[in-house]
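Trainee: The following file, target-v6.tsv, comprises TSV, C-alpha atoms:
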chain	number	residue	atom	x	y	z
A	1	MET	CA	-123.17	56.33	-91.46
A	2	ILE	CA	-126.03	58.60	-90.50
A	3	ILE	CA	-127.87	61.27	-92.51
A	4	CYS	CA	-128.88	64.27	-90.42
A	5	PRO	CA	-130.26	67.77	-91.07
A	6	ALA	CA	-127.41	70.21	-91.66
A	7	GLN	CA	-126.80	72.73	-88.89
A	8	SER	CA	-124.89	76.02	-88.86
A	9	PHE	CA	-122.00	74.34	-87.03
A	10	ASP	CA	-121.58	71.94	-89.99
A	11	ILE	CA	-120.60	74.72	-92.40
A	12	ASP	CA	-116.85	74.49	-91.67
A	13	GLN	CA	-116.81	70.79	-92.58
A	14	ILE	CA	-119.03	71.43	-95.61
A	15	MET	CA	-116.57	74.03	-96.88
A	16	MET	CA	-113.69	71.57	-96.46
A	17	ILE	CA	-115.59	69.02	-98.59
A	18	GLU	CA	-116.37	71.74	-101.15
A	19	ARG	CA	-112.65	72.55	-101.50
A	20	GLN	CA	-111.78	68.86	-101.88
A	21	SER	CA	-114.44	68.28	-104.50
A	22	PHE	CA	-114.30	71.21	-106.93
A	23	ILE	CA	-111.65	73.35	-108.59
A	24	PRO	CA	-111.33	76.89	-107.18
A	25	ALA	CA	-113.10	78.52	-110.12
A	26	ILE	CA	-116.36	76.73	-109.34
A	27	GLN	CA	-116.18	76.40	-105.57
A	28	GLU	CA	-119.14	78.14	-103.97
A	29	LYS	CA	-118.66	80.58	-101.11
A	30	ARG	CA	-119.50	80.05	-97.47
A	31	ARG	CA	-122.27	82.66	-97.61
A	32	CYS	CA	-123.88	80.67	-100.45
A	33	PHE	CA	-124.21	77.58	-98.22
A	34	GLU	CA	-125.37	79.69	-95.29
A	35	LYS	CA	-128.12	81.14	-97.48
A	36	ARG	CA	-129.16	77.66	-98.63
A	37	LEU	CA	-129.37	76.43	-95.05
A	38	LYS	CA	-131.41	79.44	-93.98
A	39	THR	CA	-133.72	79.35	-97.01
A	40	TYR	CA	-134.52	75.61	-97.18
A	41	PRO	CA	-133.16	73.77	-94.14
A	42	GLU	CA	-135.44	70.79	-94.87
A	43	GLY	CA	-133.49	70.19	-98.09
A	44	PHE	CA	-129.98	70.40	-96.65
A	45	PHE	CA	-128.41	67.25	-95.19
A	46	VAL	CA	-125.04	66.02	-94.03
A	47	LEU	CA	-123.67	62.48	-94.01
A	48	SER	CA	-121.91	61.71	-90.73
A	49	ASP	CA	-119.46	58.91	-89.98
A	50	THR	CA	-120.39	57.88	-86.44
A	51	SER	CA	-118.46	54.60	-86.41
A	52	GLU	CA	-116.72	53.65	-83.17
A	53	GLU	CA	-113.34	53.66	-84.90
A	54	THR	CA	-113.82	57.19	-86.27
A	55	VAL	CA	-115.05	58.57	-82.97
A	56	LYS	CA	-112.10	57.01	-81.11
A	57	GLN	CA	-109.57	58.38	-83.59
A	58	ASN	CA	-111.00	61.89	-83.84
A	59	GLY	CA	-112.85	62.36	-80.57
A	60	ASN	CA	-116.11	62.92	-82.45
A	61	ALA	CA	-118.09	61.91	-85.53
A	62	LEU	CA	-116.98	63.29	-88.91
A	63	THR	CA	-119.07	65.06	-91.52
A	64	CYS	CA	-118.15	63.26	-94.73
A	65	GLY	CA	-120.74	64.51	-97.21
A	66	TYR	CA	-123.41	67.07	-97.89
A	67	PHE	CA	-126.56	67.36	-100.01
A	68	CYS	CA	-128.36	70.66	-100.56
A	69	SER	CA	-131.37	71.58	-102.63
A	70	GLU	CA	-134.10	74.13	-103.25
A	71	LEU	CA	-137.62	74.17	-104.66
A	72	TRP	CA	-138.56	75.98	-107.86
A	73	ASP	CA	-142.07	76.90	-108.96
A	74	SER	CA	-141.06	76.91	-112.64
A	75	PHE	CA	-138.49	75.43	-114.99
A	76	PRO	CA	-137.36	76.81	-118.38
A	77	GLU	CA	-138.78	75.17	-121.47
A	78	PRO	CA	-136.17	72.94	-123.17
A	79	ASN	CA	-136.09	75.29	-126.18
A	80	ALA	CA	-135.78	78.47	-124.09
A	81	GLU	CA	-132.88	80.83	-124.82
A	82	GLU	CA	-129.63	79.59	-123.34
A	83	LYS	CA	-129.18	82.78	-121.32
A	84	ILE	CA	-132.40	81.96	-119.45
A	85	PHE	CA	-131.01	78.56	-118.44
A	86	LYS	CA	-127.62	79.98	-117.50
A	87	ARG	CA	-129.24	82.63	-115.35
A	88	ARG	CA	-131.41	80.07	-113.56
A	89	PHE	CA	-128.48	77.72	-112.89
A	90	ALA	CA	-125.93	80.43	-112.05
A	91	LEU	CA	-123.21	79.18	-109.71
A	92	GLY	CA	-123.32	80.79	-106.29
A	93	HIS	CA	-126.79	82.26	-106.80
A	94	ASN	CA	-128.79	83.33	-103.76
A	95	ALA	CA	-131.22	80.51	-102.94
A	96	ALA	CA	-133.62	83.03	-101.43
A	97	ASP	CA	-134.12	84.51	-104.92
A	98	THR	CA	-135.08	81.20	-106.56
A	99	HIS	CA	-136.59	79.03	-103.83
A	100	SER	CA	-140.37	78.66	-103.60
A	101	ALA	CA	-141.79	76.82	-100.58
A	102	HIS	CA	-144.54	75.26	-102.69
A	103	GLY	CA	-142.46	74.60	-105.79
A	104	MET	CA	-142.90	71.41	-107.80
A	105	TYR	CA	-139.31	71.21	-109.05
A	106	LEU	CA	-136.62	70.00	-106.63
A	107	TYR	CA	-133.25	71.35	-107.73
A	108	VAL	CA	-130.24	69.51	-106.29
A	109	SER	CA	-127.93	72.52	-106.04
A	110	SER	CA	-124.87	70.65	-104.76
A	111	PHE	CA	-123.81	67.22	-103.59
A	112	ALA	CA	-120.34	65.98	-102.57
A	113	LEU	CA	-118.38	63.55	-100.41
A	114	SER	CA	-114.97	64.02	-98.81
A	115	ARG	CA	-112.15	62.09	-100.52
A	116	PRO	CA	-111.76	59.16	-98.07
A	117	TYR	CA	-115.43	58.20	-98.51
A	118	ARG	CA	-115.62	58.13	-102.29
A	119	SER	CA	-115.91	54.98	-104.43
A	120	LYS	CA	-117.35	52.98	-101.52
A	121	GLY	CA	-121.04	53.18	-102.37
A	122	TYR	CA	-121.85	55.83	-99.78
A	123	GLY	CA	-122.56	58.53	-102.35
A	124	ALA	CA	-125.30	56.63	-104.18
A	125	LYS	CA	-127.00	55.61	-100.93
A	126	PHE	CA	-126.81	59.14	-99.53
A	127	PHE	CA	-128.18	60.62	-102.76
A	128	LYS	CA	-131.06	58.13	-103.00
A	129	ALA	CA	-132.03	58.33	-99.33
A	130	SER	CA	-132.04	62.13	-99.41
A	131	LEU	CA	-134.28	62.24	-102.48
A	132	ALA	CA	-136.55	59.49	-101.14
A	133	ALA	CA	-137.09	61.37	-97.90
A	134	LEU	CA	-137.67	64.73	-99.59
A	135	CYS	CA	-140.04	63.41	-102.24
A	136	GLY	CA	-141.84	61.17	-99.76
A	137	ALA	CA	-142.44	64.09	-97.41
A	138	ASN	CA	-143.46	66.63	-100.06
A	139	LYS	CA	-146.12	65.45	-102.51
A	140	ASN	CA	-145.90	68.76	-104.41
A	141	ILE	CA	-142.55	67.74	-105.88
A	142	LYS	CA	-143.08	66.38	-109.39
A	143	THR	CA	-139.63	66.62	-110.97
A	144	ILE	CA	-136.04	66.45	-109.73
A	145	VAL	CA	-133.51	68.66	-111.54
A	146	LEU	CA	-129.72	68.75	-111.46
A	147	LEU	CA	-126.82	70.22	-113.40
A	148	VAL	CA	-123.61	68.25	-113.99
A	149	ASN	CA	-120.32	69.17	-115.60
A	150	SER	CA	-119.87	67.29	-118.90
A	151	GLU	CA	-116.26	66.52	-117.92
A	152	TRP	CA	-117.40	64.57	-114.85
A	153	GLU	CA	-118.00	61.42	-116.87
A	154	ASN	CA	-118.42	59.13	-113.86
A	155	ALA	CA	-121.06	61.42	-112.35
A	156	VAL	CA	-122.89	61.65	-115.67
A	157	LYS	CA	-122.97	57.83	-115.91
A	158	ILE	CA	-124.23	57.51	-112.35
A	159	TYR	CA	-127.11	59.89	-113.02
A	160	GLN	CA	-127.90	58.18	-116.33
A	161	ASN	CA	-127.96	54.81	-114.59
A	162	GLU	CA	-130.33	56.31	-112.02
A	163	GLY	CA	-132.70	57.18	-114.85
A	164	PHE	CA	-131.98	60.90	-115.19
A	165	SER	CA	-132.38	62.21	-118.75
A	166	GLU	CA	-130.55	65.08	-120.40
A	167	VAL	CA	-132.96	67.90	-121.28
A	168	ARG	CA	-130.53	70.68	-122.18
A	169	ARG	CA	-126.79	71.24	-122.66
A	170	LEU	CA	-125.37	74.62	-121.66
A	171	LYS	CA	-122.35	75.37	-123.81
A	172	ASP	CA	-119.16	76.50	-122.03
A	173	PHE	CA	-120.87	76.77	-118.66
A	174	PHE	CA	-118.13	75.52	-116.31
A	175	PRO	CA	-114.59	76.94	-116.03
A	176	THR	CA	-111.82	74.34	-116.22
A	177	LEU	CA	-108.33	74.05	-114.76
A	178	THR	CA	-106.75	75.44	-117.94
A	179	LYS	CA	-108.66	78.74	-117.46
A	180	LYS	CA	-108.74	79.05	-121.25
A	181	THR	CA	-111.38	76.43	-121.97
A	182	PHE	CA	-114.83	75.74	-120.60
A	183	ALA	CA	-116.92	72.60	-120.16
A	184	ASP	CA	-120.58	72.21	-120.99
A	185	GLY	CA	-123.20	71.91	-118.29
A	186	ILE	CA	-125.74	69.11	-118.67
A	187	VAL	CA	-129.21	69.74	-117.27
A	188	MET	CA	-130.86	66.46	-116.26
A	189	THR	CA	-134.28	65.60	-114.84
A	190	ILE	CA	-136.25	62.64	-113.51
A	191	ALA	CA	-139.79	62.16	-112.20
A	192	ALA	CA	-139.96	62.44	-108.41
A	193	ASP	CA	-142.16	59.34	-108.25
A	194	LYS	CA	-139.05	57.26	-109.04
A	195	TYR	CA	-137.80	58.05	-105.53
A	196	ARG	CA	-141.16	57.64	-103.86
A	197	GLU	CA	-141.16	54.09	-105.16
A	198	LEU	CA	-137.79	53.18	-103.66
A	199	SER	CA	-137.94	50.12	-101.44
A	200	LEU	CA	-136.10	51.20	-98.30
A	201	GLU	CA	-135.99	49.58	-94.92
A	202	PRO	CA	-138.75	51.11	-92.75
A	203	ASN	CA	-136.31	52.56	-90.23
A	204	GLU	CA	-134.29	54.29	-92.98
A	205	ILE	CA	-136.81	57.05	-93.44
A	206	ALA	CA	-139.12	56.61	-90.47
A	207	ASN	CA	-139.92	59.95	-88.84
A	208	SER	CA	-137.61	61.59	-91.34
A	209	PHE	CA	-139.44	64.88	-91.47
A	210	ALA	CA	-141.84	64.62	-88.58
A	211	ASN	CA	-138.80	64.48	-86.32
A	212	PRO	CA	-137.05	65.67	-88.70
A	213	PHE	CA	-134.54	63.26	-90.33
A	214	ALA	CA	-133.93	61.49	-87.04
A	215	GLY	CA	-130.57	59.89	-87.72
A	216	VAL	CA	-131.30	58.03	-90.95
A	217	ARG	CA	-128.73	55.26	-91.34
A	218	ILE	CA	-127.28	54.06	-94.64
Can the structure in the file be given as structure tokens, please?
Mentor:
Amino acid sequence: MIICPAQSFDIDQIMMIERQSFIPAIQEKRRCFEKRLKTYPEGFFVLSDTSEETVKQNGNALTCGYFCSELWDSFPEPNAEEKIFKRRFALGHNAADTHSAHGMYLYVSSFALSRPYRSKGYGAKFFKASLAALCGANKNIKTIVLLVNSEWENAVKIYQNEGFSEVRRLKDFFPTLTKKTFADGIVMTIAADKYRELSLEPNEIANSFANPFAGVRI
């Protein structure tokens, strides 16, 4: 498995993963991912299965996951009005409107794996390696921010085990399959230094952004 910078030709596979991972009401549009890639390409990665078996079966490597992010120069105070939080975390927002090249907050806007690659440990490694490379390359980043659906209990536990802390709960933020009820959104943060301290094999992040991200293996 190799982590590489996302390219425009990866968008089709990214959209397939998006449809597999989220219900229609919260799936983000193709133009949203295109904007993210254009706005902050350094923070947009794909996980590629380059195994010999996969290449033989399909004729090429397969994109099996994606990670995208943006930088913010500010973050709402925990006691700010809920509408301020909901506006900042709006699904499908234009990254160009919120991204700041010198921002100190790294917002993980979306992260997903295709179905066949889940529950095998790839997700955690992909997530950690992506954050380690980003935080290691950009010393301005002080805090990592993410938003998770309160119904995704496994995801919430994973982030809690990683050390992320809940800082705000957004009531009825996410639509659900019933279309009549909504799930809360949980805003979580962690200090970026946690990922700068990760003990990775030297070749896992070597030349990651000088090159950039020259085929990081996990």
Trainee: As a VMD selection string, please: the residues near range 58-75 of chain A (cut-off 9 Å, all atoms listed in the file, same-chain neighbours under 2 positions excluded).
Mentor: chain A and resid 6 10 13 to 14 17 33 36 to 37 39 to 56 77 to 78 85 88 95 98 to 117 123 126 to 127 130 141
Trainee: Find the spatial neighbours of Glu153 in chain A, counting all atoms listed in the file, within a cut-off of 12 Å - ignore same-chain residues fewer than 6 positions away - and output them as an MDAnalysis selection string.
Mentor: chainID A and resid 159:160 183:186
Trainee: Nearest to Asp97 in chain A among A:Ala124, A:Thr143, A:Asn161, A:Cys32, with distances taken over all atoms listed in the file: which residue is it?
Mentor: A:Cys32
Trainee: Have a look at CA of Glu18 in chain A and CA of Leu170 in chain A and let me know their distance in Å, one decimal.
Mentor: 22.6 Å
Trainee: Out of A:Phe22, A:Phe174, A:Tyr122, A:Phe164, which residue has the shortest atom-to-atom distance to Ile190 in chain A when counting all atoms listed in the file?
Mentor: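 Counting all atoms listed in the file, the residue closest to Ile190 in chain A is A:Phe164.
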Trainee: Quick one: distance from CA of Asn149 in chain A to CA of Lys179 in chain A in Å, one decimal?
Mentor: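 If I compute the distance from CA of Asn149 in chain A to CA of Lys179 in chain A, I get 15.2 Å.
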Trainee: So what do you get for CA of Val167 in chain A versus CA of Asn154 in chain A, distance-wise?
Mentor: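 CA of Val167 in chain A sits 18.5 Å away from CA of Asn154 in chain A.
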